[in-house]
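Participant: See start_32.txt below, with compact mmCIF, C-alpha atoms.
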# COMPACT_ATOMS: atom_id res chain seq x y z
CA MET A 1 -54.03 -9.90 10.90
CA ASN A 2 -54.24 -13.55 11.80
CA ARG A 3 -51.11 -15.00 13.30
CA LEU A 4 -49.86 -18.37 12.14
CA PRO A 5 -50.34 -21.22 14.60
CA GLN A 6 -47.33 -21.92 16.77
CA PRO A 7 -46.67 -25.48 15.39
CA LEU A 8 -46.73 -24.17 11.84
CA LEU A 9 -44.27 -21.46 12.77
CA ILE A 10 -41.92 -24.08 14.21
CA VAL A 11 -42.20 -26.24 11.08
CA LEU A 12 -41.56 -23.22 8.88
CA TRP A 13 -38.62 -22.25 11.04
CA ILE A 14 -37.07 -25.72 10.77
CA ALA A 15 -37.71 -25.76 7.03
CA LEU A 16 -35.92 -22.47 6.58
CA ILE A 17 -32.90 -23.78 8.43
CA TRP A 18 -33.01 -27.12 6.65
CA GLN A 19 -33.15 -25.58 3.22
CA ALA A 20 -30.20 -23.26 3.78
CA PRO A 21 -27.26 -24.43 1.70
CA ALA A 22 -24.64 -26.15 3.77
CA ALA A 23 -21.72 -24.59 1.87
CA ALA A 24 -22.42 -20.98 1.14
CA GLU A 25 -24.87 -18.13 1.16
CA THR A 26 -24.81 -14.86 -0.63
CA ALA A 27 -23.39 -12.07 1.45
CA GLY A 28 -24.80 -9.33 -0.72
CA VAL A 29 -23.40 -7.31 -3.56
CA PHE A 30 -20.39 -5.08 -2.97
CA ALA A 31 -19.58 -1.96 -4.96
CA THR A 32 -16.36 -2.81 -6.79
CA ASP A 33 -14.25 -1.76 -9.77
CA SER A 34 -11.61 -4.37 -10.53
CA ASP A 35 -10.10 -2.23 -13.29
CA ALA A 36 -9.48 0.78 -11.06
CA PRO A 37 -5.92 1.39 -9.86
CA ILE A 38 -5.02 -0.31 -6.59
CA ASN A 39 -3.57 2.22 -4.16
CA ILE A 40 -1.70 0.87 -1.15
CA GLU A 41 -0.37 3.17 1.55
CA ALA A 42 1.55 2.55 4.75
CA ASP A 43 3.99 4.18 7.13
CA LYS A 44 6.70 1.79 6.02
CA MET A 45 7.24 -0.63 3.16
CA SER A 46 9.98 -3.24 3.01
CA LEU A 47 10.52 -4.39 -0.56
CA PHE A 48 12.74 -7.44 -0.79
CA ARG A 49 15.65 -6.75 -3.10
CA SER A 50 14.94 -10.14 -4.67
CA GLY A 51 11.73 -8.48 -5.87
CA ALA A 52 9.53 -11.32 -4.61
CA GLN A 53 7.60 -9.52 -1.90
CA ALA A 54 6.80 -6.18 -0.31
CA GLU A 55 5.56 -5.85 3.27
CA LEU A 56 3.65 -2.75 4.32
CA LEU A 57 3.30 -1.95 8.00
CA GLY A 58 1.73 0.85 10.02
CA ASN A 59 -1.66 2.25 9.00
CA ALA A 60 -1.69 -0.07 6.01
CA ALA A 61 -4.56 0.74 3.68
CA LEU A 62 -5.60 -0.50 0.27
CA ALA A 63 -8.14 1.20 -1.96
CA GLN A 64 -9.52 0.23 -5.34
CA GLY A 65 -12.36 2.33 -6.68
CA PRO A 66 -15.32 2.08 -4.31
CA LEU A 67 -13.70 -0.63 -2.16
CA SER A 68 -11.19 0.04 0.59
CA LEU A 69 -9.38 -2.17 3.06
CA THR A 70 -7.38 -1.51 6.21
CA ALA A 71 -5.28 -4.00 8.16
CA ARG A 72 -2.30 -4.19 10.47
CA GLU A 73 -0.18 -5.56 7.64
CA VAL A 74 -0.46 -5.72 3.88
CA ALA A 75 1.90 -7.71 1.67
CA VAL A 76 2.32 -7.63 -2.09
CA PHE A 77 3.69 -10.73 -3.82
CA TYR A 78 5.45 -10.88 -7.15
CA GLY A 79 6.20 -13.96 -9.22
CA GLY A 80 8.30 -15.04 -12.15
CA THR A 81 11.72 -13.77 -13.02
CA ALA A 82 12.76 -10.29 -13.96
CA PRO A 83 10.76 -8.33 -14.81
CA ARG A 84 8.57 -9.51 -11.95
CA ARG A 85 4.78 -9.67 -12.16
CA LEU A 86 2.25 -9.05 -9.42
CA THR A 87 0.46 -12.22 -8.30
CA HIS A 88 -1.51 -11.45 -5.16
CA ILE A 89 -1.95 -9.12 -2.21
CA THR A 90 -2.57 -10.27 1.35
CA ALA A 91 -3.83 -8.46 4.43
CA ALA A 92 -3.45 -9.71 7.98
CA GLU A 93 -4.85 -8.81 11.39
CA ASP A 94 -7.85 -6.59 11.97
CA VAL A 95 -8.92 -6.68 8.36
CA HIS A 96 -11.73 -4.22 7.66
CA ILE A 97 -13.24 -3.81 4.22
CA ILE A 98 -15.60 -0.99 3.36
CA SER A 99 -17.64 -0.83 0.19
CA GLU A 100 -19.18 2.48 -0.79
CA ASN A 101 -22.64 0.89 -0.98
CA GLY A 102 -22.62 0.26 2.77
CA ARG A 103 -21.33 -3.29 2.92
CA GLU A 104 -18.58 -3.77 5.48
CA VAL A 105 -16.55 -6.86 6.27
CA PHE A 106 -14.47 -7.65 9.31
CA GLY A 107 -12.05 -10.57 9.27
CA ASP A 108 -8.69 -11.91 10.33
CA ALA A 109 -7.00 -12.17 6.95
CA ALA A 110 -7.65 -11.47 3.29
CA VAL A 111 -6.13 -12.51 -0.02
CA TYR A 112 -6.67 -10.53 -3.21
CA LEU A 113 -5.96 -12.58 -6.32
CA VAL A 114 -5.47 -9.81 -8.85
CA SER A 115 -5.63 -11.97 -11.96
CA ALA A 116 -8.74 -13.83 -10.76
CA GLU A 117 -10.34 -10.54 -9.66
CA GLU A 118 -11.34 -12.19 -6.41
CA MET A 119 -10.87 -11.32 -2.75
CA THR A 120 -11.18 -13.93 0.01
CA VAL A 121 -11.58 -12.96 3.64
CA THR A 122 -10.99 -15.62 6.31
CA GLY A 123 -11.09 -16.05 10.06
CA ASN A 124 -13.94 -14.65 12.10
CA VAL A 125 -15.70 -13.08 9.16
CA ARG A 126 -18.57 -10.68 9.79
CA VAL A 127 -20.52 -8.87 7.09
CA ILE A 128 -22.76 -5.94 7.91
CA ASN A 129 -24.79 -3.45 5.95
CA THR A 130 -24.38 0.02 7.41
CA LYS A 131 -27.08 1.46 5.17
CA ASP A 132 -29.69 -0.92 6.57
CA THR A 133 -29.35 -1.25 10.33
CA ASP A 134 -32.12 -3.80 10.44
CA ALA A 135 -30.47 -6.04 7.87
CA ASP A 136 -29.03 -9.37 8.85
CA THR A 137 -25.39 -9.57 9.93
CA LEU A 138 -23.71 -12.59 8.44
CA THR A 139 -20.88 -14.34 10.15
CA GLY A 140 -18.76 -17.16 8.82
CA VAL A 141 -15.27 -18.42 8.31
CA ARG A 142 -14.72 -17.47 4.68
CA LEU A 143 -16.08 -14.80 2.40
CA ILE A 144 -15.33 -14.59 -1.30
CA ILE A 145 -16.01 -11.35 -3.15
CA ASN A 146 -16.08 -11.39 -6.93
CA LEU A 147 -14.54 -8.03 -7.71
CA ARG A 148 -15.71 -8.15 -11.31
CA ASN A 149 -19.40 -7.92 -10.44
CA GLY A 150 -19.42 -7.39 -6.67
CA THR A 151 -21.26 -10.59 -5.81
CA SER A 152 -20.16 -12.50 -2.76
CA ARG A 153 -20.49 -15.85 -1.04
CA ILE A 154 -20.00 -16.59 2.61
CA PHE A 155 -18.98 -20.08 3.75
CA GLY A 156 -19.25 -21.90 7.03
CA THR A 157 -21.81 -19.43 8.27
CA LEU A 158 -22.06 -19.81 11.99
CA LYS A 159 -24.73 -17.37 12.91
CA GLY A 160 -26.82 -14.59 11.44
CA THR A 161 -27.89 -11.78 13.75
CA LYS A 162 -29.42 -8.40 13.38
CA ASN A 163 -27.10 -5.48 12.76
CA ASN A 164 -28.24 -3.90 15.99
CA ASP A 165 -27.03 -6.96 17.93
CA LYS A 166 -23.55 -5.75 18.79
CA SER A 167 -22.50 -8.90 20.63
CA GLY A 168 -21.01 -10.46 17.51
CA ARG A 169 -21.20 -13.84 19.25
CA GLN A 170 -20.76 -16.94 17.19
CA SER A 171 -21.79 -20.46 17.83
CA GLY A 172 -20.38 -23.60 16.38
CA GLY A 173 -22.17 -25.87 13.96
CA ARG A 174 -22.73 -26.57 10.32
CA ALA A 175 -23.09 -23.87 7.76
CA ARG A 176 -26.43 -22.16 8.05
CA ILE A 177 -28.22 -18.89 7.96
CA GLN A 178 -30.71 -17.91 10.62
CA LEU A 179 -33.58 -15.60 9.81
CA LYS A 180 -35.74 -14.13 12.55
CA PRO A 181 -39.50 -14.19 11.81
CA GLY A 182 -40.90 -10.69 11.60
CA GLY A 183 -37.46 -9.28 10.99
CA ALA A 184 -38.11 -8.47 7.35
CA ARG A 185 -39.19 -4.93 6.74
CA MET B 1 75.18 5.06 -29.77
CA ASN B 2 75.83 8.74 -30.18
CA ASP B 3 79.42 9.69 -29.57
CA ASN B 4 78.77 13.39 -29.29
CA PRO B 5 79.48 14.22 -25.62
CA GLU B 6 77.61 17.49 -25.81
CA ILE B 7 74.39 15.89 -27.02
CA HIS B 8 74.73 13.13 -24.50
CA SER B 9 75.20 15.66 -21.73
CA ARG B 10 72.05 17.55 -22.76
CA ARG B 11 70.04 14.33 -22.80
CA VAL B 12 71.22 13.43 -19.34
CA ALA B 13 70.32 16.88 -18.09
CA ARG B 14 66.81 16.57 -19.54
CA LEU B 15 66.33 13.13 -18.07
CA LYS B 16 67.34 14.48 -14.68
CA LEU B 17 64.32 16.75 -14.84
CA VAL B 18 61.82 14.47 -16.59
CA LEU B 19 62.34 11.27 -14.62
CA PRO B 20 61.84 12.77 -11.12
CA GLY B 21 58.75 14.59 -12.45
CA LEU B 22 57.34 11.37 -13.84
CA ALA B 23 58.11 9.62 -10.56
CA VAL B 24 56.20 12.28 -8.60
CA PHE B 25 53.25 11.96 -10.98
CA VAL B 26 53.06 8.14 -10.69
CA LEU B 27 53.45 8.39 -6.92
CA GLY B 28 50.55 10.84 -6.84
CA LEU B 29 48.32 8.38 -8.67
CA LEU B 30 49.31 5.58 -6.34
CA VAL B 31 48.49 7.69 -3.27
CA ILE B 32 45.06 8.57 -4.64
CA PHE B 33 43.88 5.08 -5.28
CA SER B 34 45.80 2.99 -2.79
CA ARG B 35 43.27 4.16 -0.17
CA SER B 36 40.36 2.40 -1.82
CA GLY B 37 41.15 -1.05 -0.44
CA ASN B 38 40.84 -3.64 -3.15
CA ASP B 39 39.41 -1.14 -5.62
CA ILE B 40 41.20 -0.72 -8.88
CA ILE B 41 41.16 2.51 -10.82
CA GLN B 42 41.67 2.38 -14.54
CA LEU B 43 42.47 5.72 -16.09
CA ALA B 44 41.60 6.23 -19.70
CA ILE B 45 42.94 9.72 -20.11
CA PHE B 46 44.75 11.94 -17.68
CA ASP B 47 44.05 15.64 -18.02
CA GLY B 48 46.63 17.00 -15.59
CA THR B 49 46.31 19.20 -12.54
CA ASP B 50 44.14 22.22 -11.95
CA SER B 51 45.28 25.53 -10.47
CA GLY B 52 44.47 24.35 -6.94
CA GLY B 53 46.69 21.32 -7.19
CA GLY B 54 43.83 18.82 -7.56
CA ILE B 55 44.10 16.10 -10.13
CA VAL B 56 41.55 15.86 -12.94
CA LEU B 57 40.82 12.50 -14.50
CA ARG B 58 38.74 11.89 -17.56
CA GLU B 59 36.57 8.74 -17.78
CA PRO B 60 37.95 7.06 -14.68
CA VAL B 61 36.70 3.58 -13.80
CA MET B 62 36.83 2.09 -10.32
CA ARG B 63 36.25 -1.60 -9.75
CA GLY B 64 35.87 -3.31 -6.43
CA THR B 65 33.96 -5.80 -4.32
CA SER B 66 31.71 -4.92 -1.40
CA SER B 67 31.82 -6.66 1.96
CA ALA B 68 28.84 -8.73 0.74
CA ASN B 69 30.97 -9.92 -2.19
CA VAL B 70 29.11 -7.82 -4.73
CA PRO B 71 31.44 -6.82 -7.57
CA TYR B 72 30.93 -3.25 -8.73
CA GLU B 73 32.22 -0.84 -11.30
CA ILE B 74 31.93 2.91 -10.90
CA SER B 75 32.69 5.08 -13.89
CA ALA B 76 32.34 8.80 -14.48
CA ALA B 77 32.86 11.39 -17.19
CA THR B 78 35.39 13.20 -15.02
CA ALA B 79 36.91 12.87 -11.57
CA HIS B 80 38.45 15.81 -9.77
CA THR B 81 40.31 15.42 -6.50
CA GLN B 82 39.27 17.89 -3.83
CA ASP B 83 41.71 17.67 -0.96
CA ALA B 84 45.43 17.41 -0.35
CA ALA B 85 45.15 13.75 0.56
CA ASN B 86 43.22 13.11 -2.62
CA SER B 87 40.62 11.10 -0.74
CA LEU B 88 37.64 13.24 -1.84
CA ILE B 89 36.89 13.01 -5.52
CA ASN B 90 34.21 15.00 -7.30
CA LEU B 91 32.54 12.93 -9.99
CA ARG B 92 30.46 14.03 -12.94
CA ASP B 93 28.03 11.77 -14.85
CA VAL B 94 28.38 8.87 -12.47
CA ASP B 95 27.44 5.35 -13.58
CA ALA B 96 27.78 2.75 -10.82
CA GLN B 97 26.98 -0.86 -11.73
CA PHE B 98 26.61 -3.64 -9.17
CA GLU B 99 26.44 -7.25 -10.32
CA PRO B 100 25.88 -9.68 -7.45
CA VAL B 101 27.04 -13.22 -8.02
CA GLY B 102 24.20 -15.78 -8.19
CA SER B 103 20.49 -15.13 -8.45
CA ALA B 104 20.38 -11.73 -6.75
CA PRO B 105 19.39 -8.96 -9.15
CA GLY B 106 21.94 -6.49 -10.40
CA TYR B 107 21.42 -2.77 -10.00
CA VAL B 108 22.68 0.48 -11.44
CA ILE B 109 22.97 3.90 -9.84
CA GLU B 110 23.34 6.93 -12.07
CA ALA B 111 23.81 10.56 -11.10
CA LYS B 112 24.84 13.82 -12.68
CA THR B 113 27.19 14.68 -9.85
CA GLY B 114 28.62 12.93 -6.82
CA LEU B 115 31.38 13.03 -4.27
CA MET B 116 33.35 9.85 -3.64
CA ASN B 117 35.17 9.49 -0.34
CA ASN B 118 37.90 6.97 -1.00
CA GLU B 119 38.68 6.54 2.69
CA THR B 120 35.13 5.57 3.71
CA GLY B 121 33.88 4.21 0.40
CA ILE B 122 30.84 6.52 0.62
CA LEU B 123 29.39 7.87 -2.58
CA ASN B 124 27.37 11.02 -1.96
CA LEU B 125 25.14 11.53 -5.00
CA THR B 126 23.41 14.88 -5.08
CA ASP B 127 21.88 15.56 -8.47
CA GLY B 128 19.79 13.65 -10.97
CA VAL B 129 20.01 10.34 -9.14
CA THR B 130 18.38 7.24 -10.64
CA TYR B 131 18.40 3.74 -9.14
CA ARG B 132 17.43 0.77 -11.31
CA ASP B 133 17.43 -2.95 -10.63
CA ASP B 134 16.92 -6.02 -12.79
CA ASN B 135 13.44 -6.65 -11.34
CA GLY B 136 12.01 -3.57 -13.00
CA LEU B 137 12.34 -1.18 -10.06
CA VAL B 138 13.28 2.34 -11.19
CA LEU B 139 13.64 5.05 -8.54
CA VAL B 140 14.19 8.75 -9.09
CA LEU B 141 15.90 10.31 -6.09
CA VAL B 142 16.83 13.81 -5.04
CA ASP B 143 20.00 12.50 -3.44
CA LEU B 144 21.51 9.26 -2.19
CA LEU B 145 24.26 8.44 0.27
CA TYR B 146 25.54 5.06 -0.87
CA HIS B 147 28.14 2.93 0.92
CA THR B 148 30.01 1.01 -1.76
CA SER B 149 31.77 -1.01 0.91
CA ASP B 150 28.64 -2.71 2.32
CA GLY B 151 25.94 -2.03 -0.28
CA THR B 152 23.73 0.14 1.91
CA GLY B 153 22.29 3.55 1.21
CA GLN B 154 19.77 6.13 2.30
CA THR B 155 17.93 9.32 1.48
CA GLU B 156 15.47 11.34 3.53
CA LYS B 157 14.16 13.21 0.53
CA PRO B 158 11.15 12.27 -1.64
CA VAL B 159 11.41 9.21 -3.83
CA SER B 160 9.30 8.41 -6.85
CA GLY B 161 9.53 5.62 -9.32
CA VAL B 162 8.24 2.61 -11.12
CA ALA B 163 7.61 -0.78 -9.56
CA PRO B 164 6.45 -3.87 -11.47
CA GLN B 165 2.97 -3.06 -12.91
CA GLY B 166 2.79 0.16 -10.94
CA THR B 167 4.34 3.26 -9.49
CA LEU B 168 5.46 4.30 -6.04
CA GLU B 169 6.10 7.43 -4.04
CA ALA B 170 7.75 7.69 -0.66
CA SER B 171 9.16 10.31 1.69
CA GLY B 172 12.47 8.49 2.15
CA LEU B 173 14.39 5.32 1.44
CA GLN B 174 16.92 3.06 3.10
CA ILE B 175 18.75 0.37 1.18
CA SER B 176 19.77 -2.48 3.42
CA ASP B 177 22.02 -5.37 2.57
CA ALA B 178 21.29 -7.71 5.47
CA PRO B 179 18.43 -8.35 5.13
CA ALA B 180 18.47 -7.37 1.49
CA VAL B 181 15.53 -4.95 1.39
CA TYR B 182 14.53 -1.49 0.32
CA ILE B 183 12.71 0.26 3.15
CA PHE B 184 10.43 3.09 2.04
CA ASP B 185 8.96 5.60 4.48
CA ARG B 186 5.37 6.84 4.17
CA VAL B 187 4.90 4.99 0.94
CA ARG B 188 2.13 4.99 -1.63
CA LEU B 189 2.19 2.10 -4.09
CA THR B 190 -0.16 2.31 -7.08
CA ILE B 191 -0.75 -0.87 -9.06
CA ASP B 192 -2.41 -1.11 -12.45
CA PRO B 193 -4.52 -4.30 -12.20
CA LYS B 194 -4.99 -4.49 -15.94
CA ALA B 195 -1.22 -4.51 -16.47
CA ALA B 196 -0.88 -7.11 -13.73
CA ARG B 197 -3.47 -9.35 -15.39
CA ALA B 198 -1.88 -8.84 -18.81
CA SER B 199 1.49 -9.99 -17.47
CA GLU B 200 0.04 -13.36 -16.42
Once more with this new file: its structure as structure tokens, please.
Facilitator:
Amino acid sequence: MNRLPQPLLIVLWIALIWQAPAAAETAGVFATDSDAPINIEADKMSLFRSGAQAELLGNAALAQGPLSLTAREVAVFYGGTAPRRLTHITAAEDVHIISENGREVFGDAAVYLVSAEEMTVTGNVRVINTKDTDADTLTGVRLIINLRNGTSRIFGTLKGTKNNDKSGRQSGGRARIQLKPGGAR
Amino acid sequence: MNDNPEIHSRRVARLKLVLPGLAVFVLGLLVIFSRSGNDIIQLAIFDGTDSGGGIVLREPVMRGTSSANVPYEISAATAHTQDAANSLINLRDVDAQFEPVGSAPGYVIEAKTGLMNNETGILNLTDGVTYRDDNGLVLVLVDLLYHTSDGTGQTEKPVSGVAPQGTLEASGLQISDAPAVYIFDRVRLTIDPKAARASE
């Protein structure tokens, strides 16, 4: 098979980078079920007697259908006056989300807006696909998962690497996605 | 005035028996409830004493204020003193209501049976215990040791209940007043997202 000339490869490479949206890229489709019960477990839960907030510490884990999340700390927030209503759930430190279809997310913090059916992961966000080791790993500063249909967007992408690159290094710069020629299977 | 000296004499003789007896009875009541600090006991009906010398009260009501300034009212179907000092009182069908002043939610503790220690202010509830607060939290407990004096409590037995838009299960519970929190051990909170969205 004829190889493309080197200058053309460079032009194509620049074009790929140039055409990448500055704001967001898809981070794949997650398996979700936003109507499934949300189960939250922890070694200890402190529920404020005011009813405004509950903090869960120690092996904190959240599961909803095919999606699960672990973190150092999970907090549940309630709004309004009695009877209170659930508004959102947060997770902090070592956030790890696993979707049954192989998508996994690592991040520093997450917010689950229950009414909007949306989860946002922030910090050093890394998305991998464990069912395709050769797939691209996406890194960014913010990932939004639509829990209604599983679609996702990643913002401020800093670097895309192969799954088998375990370095997880990130470099600064504008939002972009980097694809390696010949990487597609 | 009756001028019959014989009748008068009989009346005096009866009063000599009745008045000291009444005095002993009133003194007994004062001893029982004077130990509960600023608590006030209101007695609806007095049933008398049992064979062991304990006093049985029907529908007693105790009102007081905790150290955190939370007014409370504890009522029961019956109260039965257990010891000579009358500091231990067995309660049946307990209904304890706590109404904090200001924005803090009120709460109610109900139990089929309980033992009130008037000296320590500890209510030891041992059967059919339910804890409810104004925010929609309803807990079913196996037992609960509740300090009426400072508004704290604890159980090391399984807890189940209803939280706003969900349910919860835990292996134990501590109720703390400062900070004002419920601390659940090994907890599992289940939230119904559809109910949460519907409440928006």
Participant: What residues in chain B have any atom no more than 7 Å from chain A when counting all atoms listed in the file, and can you write them as a PyMOL selection string?
Facilitator: chain B and resi 104-105+134-136+164-165+180-194+196-197+199
Participant: Any chance you could export the current selection's C-alpha atoms as a tab-separated table (two decimals), in the frame of the given file?
Facilitator:
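Result file is part-v7.tsv:
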chain	number	residue	atom	x	y	z
B	104	ALA	CA	20.38	-11.73	-6.75
B	105	PRO	CA	19.39	-8.96	-9.15
B	134	ASP	CA	16.92	-6.02	-12.79
B	135	ASN	CA	13.44	-6.65	-11.34
B	136	GLY	CA	12.01	-3.57	-13.00
B	164	PRO	CA	6.45	-3.87	-11.47
B	165	GLN	CA	2.97	-3.06	-12.91
B	180	ALA	CA	18.47	-7.37	1.49
B	181	VAL	CA	15.53	-4.95	1.39
B	182	TYR	CA	14.53	-1.49	0.32
B	183	ILE	CA	12.71	0.26	3.15
B	184	PHE	CA	10.43	3.09	2.04
B	185	ASP	CA	8.96	5.60	4.48
B	186	ARG	CA	5.37	6.84	4.17
B	187	VAL	CA	4.90	4.99	0.94
B	188	ARG	CA	2.13	4.99	-1.63
B	189	LEU	CA	2.19	2.10	-4.09
B	190	THR	CA	-0.16	2.31	-7.08
B	191	ILE	CA	-0.75	-0.87	-9.06
B	192	ASP	CA	-2.41	-1.11	-12.45
B	193	PRO	CA	-4.52	-4.30	-12.20
B	194	LYS	CA	-4.99	-4.49	-15.94
B	196	ALA	CA	-0.88	-7.11	-13.73
B	197	ARG	CA	-3.47	-9.35	-15.39
B	199	SER	CA	1.49	-9.99	-17.47
Participant: Tell me which of A:Asn101, A:Val111, A:Asp94, A:Phe106 sits closest to Thr130 in chain A, counting all atoms listed in the file.
Facilitator: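 Of the candidates, the smallest distance to Thr130 in chain A is held by A:Asn101.
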Participant: Work out how far CA of Ile55 in chain B is from CA of Val108 in chain B, in Å to one decimal.
Facilitator: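 According to the coordinates, CA of Val108 in chain B and CA of Ile55 in chain B are separated by 26.5 Å.
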Participant: So, counting all atoms listed in the file, which residue among A:Ala109, A:Val74, A:Ala92, A:Ile128 is closest to Val141 in chain A?
Facilitator: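 With all atoms listed in the file as the atom set, the closest residue is A:Ala109.
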Participant: When distances are computed from only C-alpha atoms, which of A:Gly150, A:Pro66, A:Gly156, A:Gly140 shows the smallest separation from Ser99 in chain A?
Facilitator: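 When distances to Ser99 in chain A are compared using only C-alpha atoms, the smallest one comes from A:Pro66.
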Participant: Taking (-18.8, -4.2, 8.8) in the file's coordinates as the center, which residues reach within 8 Å of it, counting only C-alpha atoms, put as a short mmCIF file (atom, residue, chain, number, x, y, z; two decimals) with C-alpha atoms, keeping the file's coordinate frame?
Facilitator:
data_model
loop_
_atom_site.label_atom_id
_atom_site.label_comp_id
_atom_site.auth_asym_id
_atom_site.auth_seq_id
_atom_site.Cartn_x
_atom_site.Cartn_y
_atom_site.Cartn_z
CA HIS A 96 -11.73 -4.22 7.66
CA ILE A 97 -13.24 -3.81 4.22
CA ILE A 98 -15.60 -0.99 3.36
CA ARG A 103 -21.33 -3.29 2.92
CA GLU A 104 -18.58 -3.77 5.48
CA VAL A 105 -16.55 -6.86 6.27
CA PHE A 106 -14.47 -7.65 9.31
CA ARG A 126 -18.57 -10.68 9.79
CA VAL A 127 -20.52 -8.87 7.09
CA ILE A 128 -22.76 -5.94 7.91
CA ASN A 129 -24.79 -3.45 5.95
CA THR A 130 -24.38 0.02 7.41
#
Participant: Could you give me, as a list in words, the residues within 10 Å of Ala178 in chain B, counting only C-alpha atoms and dropping anything in the same chain fewer than 4 positions from it?
Facilitator: Ala68, Asp150, Gly151 and Thr152 of chain B
Participant: What is the CA of Ala31 in chain A-CA of Gly166 in chain B distance in Å, reported with one decimal?
Facilitator: 23.3 Å
Participant: Which neighbours of Val94 in chain B fall inside 7 Å, counting all atoms listed in the file, when residues of the same chain fewer than 2 positions from it are skipped, and could you give them as a ChimeraX atom specification?
Facilitator: /B:75-77,91-92,96,110-114
Participant: Write a file of the selected residues as a PDB file, keeping the file's coordinate frame, keeping C-alpha atoms.
Facilitator:
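Writing the result to result17.pdb gives the following:
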ATOM      1  CA  SER B  75      32.690   5.080 -13.890  1.00  0.00           C
ATOM      2  CA  ALA B  76      32.340   8.800 -14.480  1.00  0.00           C
ATOM      3  CA  ALA B  77      32.860  11.390 -17.190  1.00  0.00           C
ATOM      4  CA  LEU B  91      32.540  12.930  -9.990  1.00  0.00           C
ATOM      5  CA  ARG B  92      30.460  14.030 -12.940  1.00  0.00           C
ATOM      6  CA  ALA B  96      27.780   2.750 -10.820  1.00  0.00           C
ATOM      7  CA  GLU B 110      23.340   6.930 -12.070  1.00  0.00           C
ATOM      8  CA  ALA B 111      23.810  10.560 -11.100  1.00  0.00           C
ATOM      9  CA  LYS B 112      24.840  13.820 -12.680  1.00  0.00           C
ATOM     10  CA  THR B 113      27.190  14.680  -9.850  1.00  0.00           C
ATOM     11  CA  GLY B 114      28.620  12.930  -6.820  1.00  0.00           C
TER      12      GLY B 114
END
Participant: What does the distance from CA of Thr133 in chain A to CA of Thr70 in chain A come to in Å, to one decimal?
Facilitator: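 A separation of 22.4 Å between them.
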Participant: Nearest to Pro100 in chain B among B:Ala163, B:Asp133, B:Leu125, B:Leu88, with distances taken over all atoms listed in the file: which residue is it?
Facilitator: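 With all atoms listed in the file as the atom set, the closest residue is B:Asp133.
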Participant: Contacts of Ser66 in chain B at 9 Å or less, counting all atoms listed in the file, minus same-chain residues fewer than 5 places along, as a short mmCIF file (atom, residue, chain, number, x, y, z; two decimals) with C-alpha atoms, keeping the file's coordinate frame?
Facilitator:
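Output file selection-v1.cif is given in full below:
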data_model
loop_
_atom_site.label_atom_id
_atom_site.label_comp_id
_atom_site.auth_asym_id
_atom_site.auth_seq_id
_atom_site.Cartn_x
_atom_site.Cartn_y
_atom_site.Cartn_z
CA PRO B 71 31.44 -6.82 -7.57
CA TYR B 72 30.93 -3.25 -8.73
CA HIS B 147 28.14 2.93 0.92
CA THR B 148 30.01 1.01 -1.76
CA SER B 149 31.77 -1.01 0.91
CA ASP B 150 28.64 -2.71 2.32
CA GLY B 151 25.94 -2.03 -0.28
#
Participant: Using 8 Å of padding on each side, determine the axis-aligned box around all atoms of range 161-173 of chain B present in the file and give its centre and edge lengths in Å to one decimal, as JSON.
Facilitator:
{"center_x": 8.6, "center_y": 3.2, "center_z": -5.4, "size_x": 27.6, "size_y": 30.2, "size_z": 31.1}
Participant: Select, from A:Lys131, A:Arg72, A:Val29, A:Gly123, the residue with the minimum atom-to-atom distance to Gly102 in chain A, counting all atoms listed in the file.
Facilitator: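 Checking each of A:Lys131, A:Arg72, A:Val29, A:Gly123 against Gly102 in chain A, counting all atoms listed in the file, the winner is A:Lys131.
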Participant: Excluding Met116 in chain B and its own-chain neighbours fewer than 4 positions away, which residues fall within 7 Å of it when counting all atoms listed in the file? Please give them as a ChimeraX atom specification.
Facilitator: /B:88-90,121-124
